[in-house]
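One file, work.pdb, carrying PDB, C-alpha atoms, pLDDT in the B column:
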```pdb
ATOM      1  CA  GLY A   1       0.000   0.000   0.000  1.00 68.00           C
ATOM      2  CA  GLU A   2       0.975   3.630  -0.275  1.00 76.00           C
ATOM      3  CA  GLY A   3       2.058   3.817   3.378  1.00 85.00           C
ATOM      4  CA  TYR A   4       4.684   1.083   2.982  1.00 84.00           C
ATOM      5  CA  PRO A   5       7.624   3.339   1.963  1.00 86.00           C
ATOM      6  CA  ASP A   6       7.027   5.559   5.008  1.00 90.00           C
ATOM      7  CA  ALA A   7       6.915   2.444   7.200  1.00 88.00           C
ATOM      8  CA  CYS A   8      10.319   1.402   5.784  1.00 83.00           C
ATOM      9  CA  VAL A   9      11.777   4.781   6.793  1.00 87.00           C
ATOM     10  CA  ALA A  10      10.203   4.504  10.244  1.00 89.00           C
ATOM     11  CA  VAL A  11      11.894   1.109  10.780  1.00 84.00           C
ATOM     12  CA  VAL A  12      15.312   2.783  10.572  1.00 88.00           C
ATOM     13  CA  GLU A  13      14.236   5.865  12.533  1.00 89.00           C
ATOM     14  CA  ASP A  14      12.860   3.680  15.326  1.00 90.00           C
ATOM     15  CA  ASN A  15      15.435   0.878  15.394  1.00 86.00           C
ATOM     16  CA  GLY A  16      18.644   2.300  13.966  1.00 85.00           C
ATOM     17  CA  PRO A  17      20.674   0.981  11.032  1.00 84.00           C
ATOM     18  CA  TYR A  18      20.169  -2.745  11.680  1.00 84.00           C
ATOM     19  CA  ILE A  19      18.915  -3.076   8.085  1.00 86.00           C
ATOM     20  CA  ILE A  20      22.543  -2.704   6.928  1.00 91.00           C
ATOM     21  CA  LEU A  21      23.254  -6.428   6.548  1.00 86.00           C
ATOM     22  CA  THR A  22      26.750  -6.513   5.111  1.00 89.00           C
ATOM     23  CA  LYS A  23      29.333  -4.059   3.801  1.00 93.00           C
ATOM     24  CA  GLY A  24      27.443  -1.487   1.756  1.00 95.00           C
ATOM     25  CA  LEU A  25      24.100  -3.321   1.586  1.00 94.00           C
ATOM     26  CA  ALA A  26      20.803  -2.302   3.163  1.00 92.00           C
ATOM     27  CA  LEU A  27      17.724  -4.525   3.239  1.00 88.00           C
ATOM     28  CA  VAL A  28      14.855  -2.033   3.124  1.00 86.00           C
ATOM     29  CA  HIS A  29      11.605  -3.445   4.502  1.00 81.00           C
ATOM     30  CA  ALA A  30       8.761  -3.076   6.960  1.00 78.00           C
ATOM     31  CA  ARG A  31       6.263  -5.500   8.499  1.00 81.00           C
ATOM     32  CA  PRO A  32       3.719  -7.133   6.165  1.00 75.00           C
ATOM     33  CA  GLU A  33       0.895  -5.450   8.072  1.00 79.00           C
ATOM     34  CA  ASP A  34       2.400  -2.058   7.215  1.00 79.00           C
ATOM     35  CA  GLY A  35       1.073  -2.350   3.679  1.00 80.00           C
ATOM     36  CA  GLY A  36       2.730  -5.231   1.851  1.00 80.00           C
ATOM     37  CA  LEU A  37       0.278  -6.180  -0.911  1.00 79.00           C
ATOM     38  CA  ASP A  38       2.243  -8.922  -2.658  1.00 80.00           C
ATOM     39  CA  VAL A  39       5.725 -10.430  -2.722  1.00 77.00           C
ATOM     40  CA  GLY A  40       8.011  -7.899  -4.347  1.00 81.00           C
ATOM     41  CA  VAL A  41      11.759  -7.314  -4.398  1.00 84.00           C
ATOM     42  CA  ALA A  42      13.640  -4.393  -5.960  1.00 87.00           C
ATOM     43  CA  VAL A  43      17.234  -3.236  -6.106  1.00 92.00           C
ATOM     44  CA  THR A  44      18.788   0.212  -6.353  1.00 92.00           C
ATOM     45  CA  ARG A  45      22.490   0.814  -6.886  1.00 95.00           C
ATOM     46  CA  LEU A  46      23.470   4.252  -5.604  1.00 95.00           C
ATOM     47  CA  ALA A  47      25.913   6.431  -7.565  1.00 93.00           C
ATOM     48  CA  ALA A  48      26.808   8.204  -4.319  1.00 96.00           C
ATOM     49  CA  PRO A  49      26.938   5.859  -1.278  1.00 96.00           C
ATOM     50  CA  VAL A  50      24.944   6.916   1.799  1.00 94.00           C
ATOM     51  CA  GLU A  51      25.970   6.810   5.465  1.00 94.00           C
ATOM     52  CA  PHE A  52      23.300   5.187   7.655  1.00 90.00           C
ATOM     53  CA  GLY A  53      25.285   5.343  10.875  1.00 90.00           C
ATOM     54  CA  HIS A  54      26.281   1.671  10.969  1.00 91.00           C
ATOM     55  CA  PRO A  55      29.618   1.215  12.782  1.00 91.00           C
ATOM     56  CA  ASP A  56      31.001  -1.434  10.395  1.00 93.00           C
ATOM     57  CA  ASN A  57      29.076  -1.578   7.129  1.00 94.00           C
ATOM     58  CA  ASP A  58      28.687   2.052   5.991  1.00 95.00           C
ATOM     59  CA  PRO A  59      28.560   3.562   3.457  1.00 96.00           C
ATOM     60  CA  VAL A  60      25.680   1.872   1.621  1.00 96.00           C
ATOM     61  CA  ASP A  61      25.710   1.594  -2.171  1.00 96.00           C
ATOM     62  CA  LEU A  62      23.117  -1.188  -2.642  1.00 96.00           C
ATOM     63  CA  LEU A  63      19.511  -1.062  -1.476  1.00 93.00           C
ATOM     64  CA  LEU A  64      17.512  -4.282  -1.632  1.00 91.00           C
ATOM     65  CA  ALA A  65      13.872  -3.510  -0.893  1.00 86.00           C
ATOM     66  CA  PHE A  66      11.197  -6.101  -0.331  1.00 83.00           C
ATOM     67  CA  CYS A  67       7.600  -6.384   0.727  1.00 80.00           C
ATOM     68  CA  THR A  68       5.364  -9.350   1.455  1.00 80.00           C
ATOM     69  CA  PRO A  69       1.656  -9.724   2.255  1.00 82.00           C
ATOM     70  CA  GLY A  70       2.059 -12.003   5.290  1.00 79.00           C
ATOM     71  CA  GLN A  71       4.488 -13.441   7.812  1.00 78.00           C
ATOM     72  CA  ASP A  72       5.096 -16.767   6.017  1.00 81.00           C
ATOM     73  CA  ALA A  73       6.036 -15.015   2.763  1.00 78.00           C
ATOM     74  CA  HIS A  74       8.123 -12.530   4.771  1.00 78.00           C
ATOM     75  CA  VAL A  75      10.220 -15.283   6.369  1.00 82.00           C
ATOM     76  CA  GLY A  76      10.478 -17.215   3.100  1.00 82.00           C
ATOM     77  CA  THR A  77      11.608 -14.146   1.144  1.00 81.00           C
ATOM     78  CA  LEU A  78      14.185 -13.285   3.826  1.00 84.00           C
ATOM     79  CA  GLY A  79      15.558 -16.830   3.641  1.00 86.00           C
ATOM     80  CA  THR A  80      15.833 -16.712  -0.138  1.00 86.00           C
ATOM     81  CA  LEU A  81      17.557 -13.318   0.022  1.00 87.00           C
ATOM     82  CA  ALA A  82      20.002 -14.594   2.653  1.00 87.00           C
ATOM     83  CA  ARG A  83      20.929 -17.612   0.511  1.00 89.00           C
ATOM     84  CA  ALA A  84      21.373 -15.436  -2.582  1.00 90.00           C
ATOM     85  CA  LEU A  85      23.546 -12.965  -0.689  1.00 90.00           C
ATOM     86  CA  SER A  86      25.714 -15.728   0.752  1.00 90.00           C
ATOM     87  CA  SER A  87      26.310 -16.989  -2.790  1.00 91.00           C
ATOM     88  CA  GLY A  88      27.601 -13.625  -4.015  1.00 93.00           C
ATOM     89  CA  LEU A  89      24.478 -11.735  -5.109  1.00 93.00           C
ATOM     90  CA  ALA A  90      25.773  -8.360  -3.857  1.00 94.00           C
ATOM     91  CA  ASP A  91      28.922  -8.609  -6.003  1.00 94.00           C
ATOM     92  CA  ARG A  92      26.875  -9.621  -9.047  1.00 94.00           C
ATOM     93  CA  LEU A  93      24.568  -6.632  -8.518  1.00 95.00           C
ATOM     94  CA  ARG A  94      27.512  -4.255  -8.133  1.00 95.00           C
ATOM     95  CA  THR A  95      29.061  -5.411 -11.413  1.00 96.00           C
ATOM     96  CA  ALA A  96      25.847  -5.494 -13.490  1.00 95.00           C
ATOM     97  CA  PRO A  97      26.479  -3.179 -16.447  1.00 95.00           C
ATOM     98  CA  ASP A  98      23.085  -1.440 -16.490  1.00 94.00           C
ATOM     99  CA  GLY A  99      19.609  -1.309 -14.976  1.00 91.00           C
ATOM    100  CA  ASP A 100      18.258  -4.140 -17.114  1.00 93.00           C
ATOM    101  CA  ALA A 101      21.102  -6.440 -16.084  1.00 94.00           C
ATOM    102  CA  LEU A 102      20.602  -5.403 -12.463  1.00 93.00           C
ATOM    103  CA  SER A 103      16.943  -6.403 -12.637  1.00 91.00           C
ATOM    104  CA  VAL A 104      17.639  -9.715 -14.400  1.00 92.00           C
ATOM    105  CA  THR A 105      20.389 -10.583 -11.892  1.00 93.00           C
ATOM    106  CA  LEU A 106      18.066  -9.960  -8.950  1.00 91.00           C
ATOM    107  CA  HIS A 107      15.139 -11.829 -10.507  1.00 89.00           C
ATOM    108  CA  ASP A 108      17.280 -14.846 -11.402  1.00 89.00           C
ATOM    109  CA  ALA A 109      18.656 -15.039  -7.863  1.00 87.00           C
ATOM    110  CA  LEU A 110      15.197 -14.894  -6.282  1.00 83.00           C
ATOM    111  CA  LYS A 111      13.089 -17.003  -8.665  1.00 79.00           C
ATOM    112  CA  GLU A 112      11.868 -19.329  -5.923  1.00 65.00           C
ATOM    113  CA  ALA A 113      10.520 -16.457  -3.774  1.00 59.00           C
ATOM    114  CA  LEU A 114       8.864 -14.361  -6.473  1.00 62.00           C
ATOM    115  CA  PRO A 115       5.404 -14.994  -7.911  1.00 58.00           C
ATOM    116  CA  ASP A 116       5.290 -15.988 -11.568  1.00 58.00           C
ATOM    117  CA  ASP A 117       4.578 -13.027 -13.810  1.00 49.00           C
TER     118      ASP A 117
END
```

Could you rewrite the structure in this file as structure tokens?
Amino acid sequence: GEGYPDACVAVVEDNGPYIILTKGLALVHARPEDGGLDVGVAVTRLAAPVEFGHPDNDPVDLLLAFCTPGQDAHVGTLGTLARALSSGLADRLRTAPDGDALSVTLHDALKEALPDD
């Protein structure tokens, strides 16, 4: 829903930069009940990295955003993202030559979590 982006910002304002998972990578999300309508994942690669205030993993150059409609999908999507990241997804996203390649790289890594379109 339209309130979901604001809820993602509030997560960081309320809880600090725990969404910074690894060097330079933030996992932008909020709770399903904050407006997740479907399973969705997006990636943004920042031209100018941003400081979130994380002691070890700033600055952030990759934003992985996701939303889910319920807790089961939320946990499943997190698990799929974690497996993809542990197999080098962040490096593949950083070296993708353009936006189309970025999108294809993300989609290929997360096939099992995303609905068929």

Target residues per the PyMOL selection byres ((chain A and resi 17-30) around 10), formatted as number ranges by chain: A: 4-16, 31-36, 41-43, 45, 49-68, 74, 78, 81-82, 85, 90

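Interatomic distance, CA of Asp108 in chain A against CA of Ala96 in chain A: 12.9 Å.
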
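Taking CA of Leu89 in chain A as the reference point, CA of Ala109 in chain A is found at 7.2 Å.
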